[in-house]
file input_9.csv (CSV, C-alpha atoms)
chain,number,residue,atom,x,y,z
A,17,MET,CA,-21.0,16.7,39.0
A,18,THR,CA,-23.0,13.7,37.8
A,19,ASN,CA,-23.6,12.4,34.3
A,20,ASN,CA,-24.7,9.2,32.6
A,21,PHE,CA,-25.3,7.5,29.3
A,22,LYS,CA,-26.7,4.3,27.9
A,23,LEU,CA,-25.8,2.7,24.6
A,24,GLU,CA,-27.4,-0.4,23.1
A,25,PHE,CA,-25.8,-2.1,20.1
A,26,PRO,CA,-25.7,-5.5,18.4
A,27,ASN,CA,-22.9,-8.0,19.2
A,28,LEU,CA,-20.8,-7.1,16.2
A,29,ALA,CA,-17.1,-7.1,16.5
A,30,CYS,CA,-16.9,-3.7,14.9
A,31,ASN,CA,-18.8,-2.3,17.9
A,32,GLU,CA,-15.9,-3.0,20.3
A,33,GLY,CA,-14.1,0.0,18.9
A,34,PHE,CA,-17.2,2.1,19.1
A,35,ALA,CA,-17.8,1.1,22.7
A,36,ARG,CA,-14.3,1.9,24.0
A,37,MET,CA,-14.3,5.2,22.1
A,38,ALA,CA,-17.6,6.2,23.8
A,39,ALA,CA,-16.2,5.2,27.2
A,40,THR,CA,-13.0,7.2,26.8
A,41,ALA,CA,-14.9,10.3,25.5
A,42,PHE,CA,-17.3,10.1,28.5
A,43,ILE,CA,-14.5,10.6,31.0
A,44,LEU,CA,-12.6,13.3,29.2
A,45,GLU,CA,-14.2,16.1,31.2
A,46,LEU,CA,-12.5,14.6,34.3
A,47,ASP,CA,-9.2,15.5,32.7
A,48,PRO,CA,-7.8,11.9,33.1
A,49,THR,CA,-4.1,11.1,32.6
A,50,CYS,CA,-3.1,9.2,29.5
A,51,ALA,CA,-2.6,6.1,31.6
A,52,GLU,CA,-6.1,6.4,33.1
A,53,LEU,CA,-7.6,6.9,29.6
A,54,SER,CA,-5.7,3.8,28.3
A,55,GLU,CA,-6.8,1.7,31.3
A,56,ILE,CA,-10.5,2.6,30.9
A,57,LYS,CA,-10.3,2.1,27.1
A,58,THR,CA,-8.8,-1.4,27.6
A,59,ALA,CA,-11.0,-2.5,30.5
A,60,VAL,CA,-14.2,-1.6,28.6
A,61,SER,CA,-12.9,-3.2,25.4
A,62,GLU,CA,-12.3,-6.4,27.3
A,63,ALA,CA,-15.8,-6.4,28.9
A,64,VAL,CA,-17.5,-5.7,25.6
A,65,THR,CA,-15.5,-8.3,23.7
A,66,ASN,CA,-16.4,-10.9,26.4
A,67,ALA,CA,-20.1,-10.0,25.9
A,68,ILE,CA,-19.8,-10.3,22.2
A,69,ILE,CA,-17.7,-13.5,22.0
A,70,HIS,CA,-18.6,-15.4,25.2
A,71,GLY,CA,-22.0,-14.0,25.9
A,72,TYR,CA,-23.6,-15.0,22.6
A,73,LYS,CA,-21.1,-17.4,21.1
A,74,ASN,CA,-22.1,-17.4,17.4
A,75,LYS,CA,-25.7,-16.1,18.0
A,76,SER,CA,-27.0,-12.6,17.5
A,77,GLY,CA,-27.8,-10.5,20.6
A,78,THR,CA,-27.7,-7.1,22.2
A,79,VAL,CA,-25.0,-5.5,24.4
A,80,ILE,CA,-25.7,-2.6,26.7
A,81,LEU,CA,-23.0,-0.2,27.8
A,82,GLU,CA,-23.9,2.2,30.6
A,83,GLY,CA,-21.7,4.9,32.0
A,84,ASN,CA,-22.2,6.8,35.3
A,85,LEU,CA,-20.1,9.6,36.5
A,86,SER,CA,-20.3,10.9,40.1
A,87,GLU,CA,-17.7,13.5,41.1
A,88,ASN,CA,-14.4,11.8,40.1
A,89,THR,CA,-15.7,8.2,40.1
A,90,VAL,CA,-16.7,6.6,36.9
A,91,THR,CA,-18.7,3.3,36.6
A,92,PHE,CA,-19.3,1.4,33.5
A,93,THR,CA,-21.8,-1.5,33.3
A,94,ILE,CA,-21.6,-3.9,30.4
A,95,THR,CA,-24.6,-6.3,30.1
A,96,ASP,CA,-25.4,-9.1,27.7
A,97,PHE,CA,-28.4,-11.4,27.6
A,98,GLY,CA,-26.6,-14.5,26.4
A,99,GLU,CA,-25.5,-17.8,27.8
A,100,GLY,CA,-24.2,-16.6,31.2
A,101,ILE,CA,-21.2,-17.9,33.1
A,102,GLU,CA,-21.5,-21.1,35.0
A,103,ASN,CA,-18.5,-20.6,37.3
A,104,ILE,CA,-17.6,-16.9,37.8
A,105,GLU,CA,-14.7,-17.7,40.1
A,106,MET,CA,-13.1,-20.0,37.5
A,107,ALA,CA,-13.7,-17.5,34.7
A,108,ARG,CA,-11.9,-14.7,36.6
A,109,LYS,CA,-8.7,-16.7,36.9
A,110,PRO,CA,-5.8,-15.6,34.7
A,111,LEU,CA,-5.5,-17.6,31.5
A,112,TYR,CA,-8.9,-19.3,31.8
A,113,THR,CA,-11.0,-19.1,28.7
A,114,GLY,CA,-14.5,-20.4,28.2
A,115,SER,CA,-13.9,-20.4,24.4
A,116,CYS,CA,-12.8,-23.3,22.3
A,117,ASP,CA,-11.0,-20.7,20.1
A,118,SER,CA,-7.3,-21.3,20.6
A,119,GLU,CA,-6.7,-17.6,19.9
A,120,ARG,CA,-8.3,-16.4,23.2
A,121,SER,CA,-5.7,-15.6,25.9
A,122,GLY,CA,-8.0,-15.9,28.9
A,123,MET,CA,-6.6,-12.5,30.2
A,124,GLY,CA,-9.8,-10.4,29.9
A,125,PHE,CA,-11.0,-10.4,33.5
A,126,THR,CA,-7.4,-10.1,34.8
A,127,ILE,CA,-6.9,-7.0,32.7
A,128,MET,CA,-10.3,-5.5,33.7
A,129,GLU,CA,-9.4,-6.1,37.4
A,130,ALA,CA,-5.9,-4.7,37.1
A,131,PHE,CA,-7.0,-1.5,35.2
A,132,THR,CA,-9.9,-0.5,37.4
A,133,ASP,CA,-10.4,0.0,41.2
A,134,SER,CA,-13.2,-2.6,41.4
A,135,MET,CA,-14.9,-5.1,39.2
A,136,THR,CA,-18.0,-7.1,39.9
A,137,VAL,CA,-19.4,-9.9,37.8
A,138,THR,CA,-23.0,-11.2,38.1
A,139,SER,CA,-24.3,-13.9,35.8
A,140,LYS,CA,-27.1,-16.4,35.5
A,141,LYS,CA,-26.9,-19.4,33.2
A,142,GLY,CA,-29.1,-18.9,30.2
A,143,GLU,CA,-29.9,-15.3,31.1
A,144,GLY,CA,-26.7,-13.3,30.6
A,145,THR,CA,-23.9,-11.5,32.4
A,146,THR,CA,-23.3,-8.0,33.8
A,147,VAL,CA,-19.8,-6.7,34.4
A,148,THR,CA,-19.4,-3.5,36.5
A,149,LEU,CA,-16.2,-1.6,36.4
A,150,THR,CA,-15.5,1.3,38.7
A,151,LYS,CA,-12.5,3.7,38.6
A,152,VAL,CA,-11.6,6.9,40.5
A,153,ILE,CA,-10.1,9.4,38.0
A,154,GLY,CA,-7.4,11.8,39.1
A,155,LYS,CA,-6.1,10.1,42.2
A,156,GLY,CA,-2.5,10.3,40.9
A,157,ALA,CA,-2.4,7.0,39.0
A,158,PRO,CA,1.1,6.3,37.8
A,159,GLU,CA,1.8,6.7,34.1
A,160,ASN,CA,3.4,3.3,34.1
A,161,ASP,CA,4.1,0.6,36.6
B,129,MET,CA,-6.1,-2.2,11.2
B,130,ASN,CA,-3.5,-2.2,8.3
B,131,ILE,CA,-1.2,-5.2,7.9
B,132,GLU,CA,2.0,-5.1,6.0
B,133,LEU,CA,4.1,-8.3,5.6
B,134,SER,CA,7.6,-8.4,4.4
B,135,GLY,CA,10.1,-11.3,4.3
B,136,GLN,CA,13.8,-11.6,4.4
B,137,GLN,CA,15.4,-15.0,4.5
B,138,GLN,CA,13.7,-16.9,7.4
B,139,LEU,CA,12.2,-13.8,9.1
B,140,LEU,CA,8.7,-12.5,8.4
B,141,THR,CA,8.1,-9.0,9.5
B,142,VAL,CA,4.6,-7.9,10.3
B,143,ARG,CA,4.0,-4.2,10.5
B,144,LEU,CA,0.7,-3.4,12.1
B,145,GLU,CA,-1.1,-0.1,12.1
B,146,GLY,CA,-4.2,1.0,14.0
B,147,GLU,CA,-6.2,-0.7,16.7
B,148,LEU,CA,-5.5,-4.4,17.5
B,149,ASP,CA,-8.6,-6.1,18.9
B,150,HIS,CA,-10.9,-9.1,18.4
B,151,ALA,CA,-12.3,-7.4,15.2
B,152,SER,CA,-8.9,-7.4,13.5
B,153,THR,CA,-7.0,-10.4,14.9
B,154,GLY,CA,-8.7,-13.0,12.7
B,155,ARG,CA,-7.5,-11.3,9.5
B,156,ILE,CA,-3.9,-11.0,10.9
B,157,LYS,CA,-3.9,-14.7,11.8
B,158,ASP,CA,-5.1,-15.7,8.3
B,159,GLU,CA,-2.7,-13.5,6.4
B,160,LEU,CA,0.3,-14.4,8.6
B,161,GLU,CA,-0.3,-18.1,8.6
B,162,ALA,CA,-0.7,-18.1,4.8
B,163,GLU,CA,2.5,-16.1,4.4
B,164,LEU,CA,4.4,-18.4,6.7
B,165,MET,CA,3.4,-21.4,4.7
B,166,HIS,CA,4.1,-19.6,1.4
B,167,THR,CA,7.6,-18.2,2.3
B,168,GLY,CA,8.8,-21.0,4.5
B,169,ALA,CA,9.9,-18.4,7.1
B,170,LYS,CA,10.1,-19.7,10.7
B,171,ASN,CA,10.7,-16.5,12.6
B,172,VAL,CA,8.1,-13.7,13.0
B,173,ALA,CA,8.8,-10.1,14.1
B,174,PHE,CA,5.8,-7.9,15.0
B,175,ASP,CA,6.4,-4.2,14.6
B,176,PHE,CA,3.9,-2.4,17.0
B,177,SER,CA,5.3,1.1,16.5
B,178,ALA,CA,2.1,2.2,14.6
B,179,VAL,CA,-0.4,0.3,16.9
B,180,THR,CA,-2.5,2.7,18.9
B,181,PHE,CA,-4.4,0.2,21.0
B,182,MET,CA,-4.2,-3.5,21.9
B,183,ASP,CA,-6.3,-5.6,24.3
B,184,SER,CA,-6.1,-9.3,25.2
B,185,SER,CA,-7.3,-10.3,21.8
B,186,GLY,CA,-3.8,-9.2,20.6
B,187,ILE,CA,-2.3,-11.4,23.3
B,188,GLY,CA,-4.2,-14.3,22.0
B,189,MET,CA,-3.1,-13.6,18.5
B,190,ILE,CA,0.6,-13.4,19.5
B,191,LEU,CA,0.3,-16.6,21.5
B,192,GLY,CA,-1.3,-18.4,18.6
B,193,ARG,CA,1.6,-17.4,16.3
B,194,TYR,CA,4.1,-18.3,19.0
B,195,LYS,CA,2.7,-21.9,18.9
B,196,THR,CA,3.1,-21.9,15.1
B,197,VAL,CA,6.7,-20.7,15.0
B,198,LYS,CA,7.7,-22.9,18.0
B,199,SER,CA,6.5,-25.9,16.0
B,200,LEU,CA,8.8,-24.7,13.1
B,201,GLY,CA,11.7,-24.2,15.5
B,202,GLY,CA,11.5,-20.4,15.1
B,203,ARG,CA,10.9,-17.5,17.4
B,204,ILE,CA,8.7,-14.5,18.0
B,205,ILE,CA,10.1,-10.9,18.1
B,206,LEU,CA,8.2,-7.9,19.4
B,207,VAL,CA,9.4,-4.4,18.6
B,208,GLY,CA,8.1,-0.8,19.0
B,209,MET,CA,5.6,-1.5,21.7
B,210,SER,CA,4.1,1.5,23.6
B,211,ARG,CA,4.2,1.4,27.4
B,212,GLU,CA,0.5,0.4,27.5
B,213,ILE,CA,1.0,-2.5,25.1
B,214,GLU,CA,4.1,-3.6,26.9
B,215,ARG,CA,2.2,-3.6,30.2
B,216,ILE,CA,-0.4,-6.0,28.8
B,217,VAL,CA,2.3,-8.2,27.2
B,218,LYS,CA,4.1,-8.5,30.6
B,219,MET,CA,0.9,-9.2,32.5
B,220,SER,CA,0.3,-12.2,30.1
B,221,GLY,CA,3.8,-13.5,30.5
B,222,ILE,CA,4.5,-13.3,26.7
B,223,ASP,CA,7.7,-11.4,27.5
B,224,LYS,CA,9.1,-14.7,28.7
B,225,LEU,CA,8.3,-16.4,25.4
B,226,ALA,CA,9.3,-13.7,22.9
B,227,GLU,CA,12.3,-11.5,22.3
B,228,ILE,CA,11.4,-7.8,22.9
B,229,TYR,CA,13.3,-4.8,21.4
call {"tool": "encode", "arguments": {"input": "input_9.csv", "output": "structure tokens"}}
result
Amino acid sequence: MTNNFKLEFPNLACNEGFARMAATAFILELDPTCAELSEIKTAVSEAVTNAIIHGYKNKSGTVILEGNLSENTVTFTITDFGEGIENIEMARKPLYTGSCDSERSGMGFTIMEAFTDSMTVTSKKGEGTTVTLTKVIGKGAPEND
Amino acid sequence: MNIELSGQQQLLTVRLEGELDHASTGRIKDELEAELMHTGAKNVAFDFSAVTFMDSSGIGMILGRYKTVKSLGGRIILVGMSREIERIVKMSGIDKLAEIY
């Protein structure tokens, strides 16, 4: 079975909840475990939050969330057209944050990577960032580890 | 996200309800910091038993409050975490800075 969706929304903080609910609803037909649902919800929330906070800083912009489902593999692509990431390798390190805001933990990419089967990040300075998250649903993911 | 603050001697208890993300952490920070200043409490206990979701924005918020109470000579206490929230907390290393019940 294949399925897909595409959502486009402004970079408002209130849309983080909207995006993660859309992502979890999209995979429900695969009968995921509670752990898988939670992991998808969290990983997508992290990516969308990054797009809203780091992609556009304090400027207005658009975030695109796309979902693709093929058999039991789901792929989410989160795109912003903001500032881009200068050093992706550095940004992916645990506790690194590109924000001056002391309330950011720098754990976003680490959580995305831990909660999915693969994560790719492409970015170009001044043009934006695309994060692609892929996860196989129903492969017997542990409820807790 | 609903926030309920209650104080007893030097302990400020923060009962959170709902989803804890970037959209809600700013308000929690503002209310909590004001209450700490107002009451003179130096210890903060977060009750997560009614929190249905938390991502790394929650981690950042807890770390921020850890810095505040540490400067006051106090401590952070985390109670009622779900398995999902506890997993993120442990990934971040906060479990080594806070008391968990």
call {"tool": "closest_residue", "arguments": {"input": "input_9.csv", "among": "B:Thr167, B:Ser199, B:Thr180, B:Gln137", "to": "chain A", "atoms": "all atoms listed in the file"}}
result
B:Thr180
call {"tool": "residues_around", "arguments": {"input": "input_9.csv", "residues": "Glu147 of chain B", "least_positions_apart": "2", "cutoff": "10 Å", "atoms": "all atoms listed in the file", "output": "list in words"}}
result
Gly33 of chain A; Met129, Asn130, Leu144, Glu145, Asp149, His150, Ala151, Ser152, Thr153, Ala178, Val179, Thr180, Phe181, Met182, Asp183 and Gly186 of chain B
call {"tool": "interface_residues", "arguments": {"input": "input_9.csv", "of": "chain A", "to": "chain B", "cutoff": "6 Å", "atoms": "all atoms listed in the file", "output": "ChimeraX atom specification"}}
result
/A:29-30,58,119-121,123
call {"tool": "atom_distance", "arguments": {"input": "input_9.csv", "atom1": "atom CA of Ala39 of chain A", "atom2": "atom CA of Lys57 of chain A"}}
result
6.7 Å
call {"tool": "residues_around", "arguments": {"input": "input_9.csv", "residues": "Ile228 of chain B", "least_positions_apart": "4", "cutoff": "6 Å", "atoms": "only C-alpha atoms", "output": "ChimeraX atom specification"}}
result
/B:205-207
call {"tool": "atom_distance", "arguments": {"input": "input_9.csv", "atom1": "atom CA of Leu28 of chain A", "atom2": "atom CA of Tyr72 of chain A"}}
result
10.5 Å
call {"tool": "closest_residue", "arguments": {"input": "input_9.csv", "among": "B:Lys224, B:Lys195, B:Arg143, B:Gln138", "to": "His166 of chain B", "atoms": "all atoms listed in the file"}}
result
B:Gln138
call {"tool": "decode", "arguments": {"input": "input_9.csv", "residues": "segment 139-150 of chain B", "atoms": "N, CA and C atoms", "output": "PDB file, in the first residue's frame"}}
result
ATOM      1  N   LEU B 139      10.082  24.665  48.782  1.00  0.00           N
ATOM      2  CA  LEU B 139       9.833  23.836  47.597  1.00  0.00           C
ATOM      3  C   LEU B 139       8.668  24.393  46.783  1.00  0.00           C
ATOM      4  N   LEU B 140       8.945  24.623  45.501  1.00  0.00           N
ATOM      5  CA  LEU B 140       7.899  25.063  44.582  1.00  0.00           C
ATOM      6  C   LEU B 140       7.519  23.873  43.699  1.00  0.00           C
ATOM      7  N   THR B 141       6.242  23.487  43.740  1.00  0.00           N
ATOM      8  CA  THR B 141       5.787  22.354  42.936  1.00  0.00           C
ATOM      9  C   THR B 141       5.082  22.867  41.688  1.00  0.00           C
ATOM     10  N   VAL B 142       5.490  22.338  40.537  1.00  0.00           N
ATOM     11  CA  VAL B 142       4.936  22.770  39.252  1.00  0.00           C
ATOM     12  C   VAL B 142       4.214  21.582  38.640  1.00  0.00           C
ATOM     13  N   ARG B 143       2.893  21.650  38.625  1.00  0.00           N
ATOM     14  CA  ARG B 143       2.131  20.554  38.025  1.00  0.00           C
ATOM     15  C   ARG B 143       1.751  20.954  36.601  1.00  0.00           C
ATOM     16  N   LEU B 144       2.254  20.201  35.646  1.00  0.00           N
ATOM     17  CA  LEU B 144       2.025  20.511  34.234  1.00  0.00           C
ATOM     18  C   LEU B 144       0.994  19.550  33.664  1.00  0.00           C
ATOM     19  N   GLU B 145       0.174  20.075  32.757  1.00  0.00           N
ATOM     20  CA  GLU B 145      -0.866  19.239  32.163  1.00  0.00           C
ATOM     21  C   GLU B 145      -0.962  19.534  30.674  1.00  0.00           C
ATOM     22  N   GLY B 146      -0.846  18.495  29.847  1.00  0.00           N
ATOM     23  CA  GLY B 146      -0.963  18.670  28.399  1.00  0.00           C
ATOM     24  C   GLY B 146       0.338  18.375  27.685  1.00  0.00           C
ATOM     25  N   GLU B 147       0.568  19.070  26.556  1.00  0.00           N
ATOM     26  CA  GLU B 147       1.752  18.817  25.736  1.00  0.00           C
ATOM     27  C   GLU B 147       2.814  19.884  25.999  1.00  0.00           C
ATOM     28  N   LEU B 148       4.016  19.417  26.264  1.00  0.00           N
ATOM     29  CA  LEU B 148       5.121  20.317  26.613  1.00  0.00           C
ATOM     30  C   LEU B 148       6.049  20.437  25.406  1.00  0.00           C
ATOM     31  N   ASP B 149       5.943  21.548  24.694  1.00  0.00           N
ATOM     32  CA  ASP B 149       6.796  21.772  23.523  1.00  0.00           C
ATOM     33  C   ASP B 149       7.259  23.227  23.484  1.00  0.00           C
ATOM     34  N   HIS B 150       7.882  23.613  22.400  1.00  0.00           N
ATOM     35  CA  HIS B 150       8.421  24.969  22.250  1.00  0.00           C
ATOM     36  C   HIS B 150       7.332  26.027  22.424  1.00  0.00           C
TER      37      HIS B 150
END
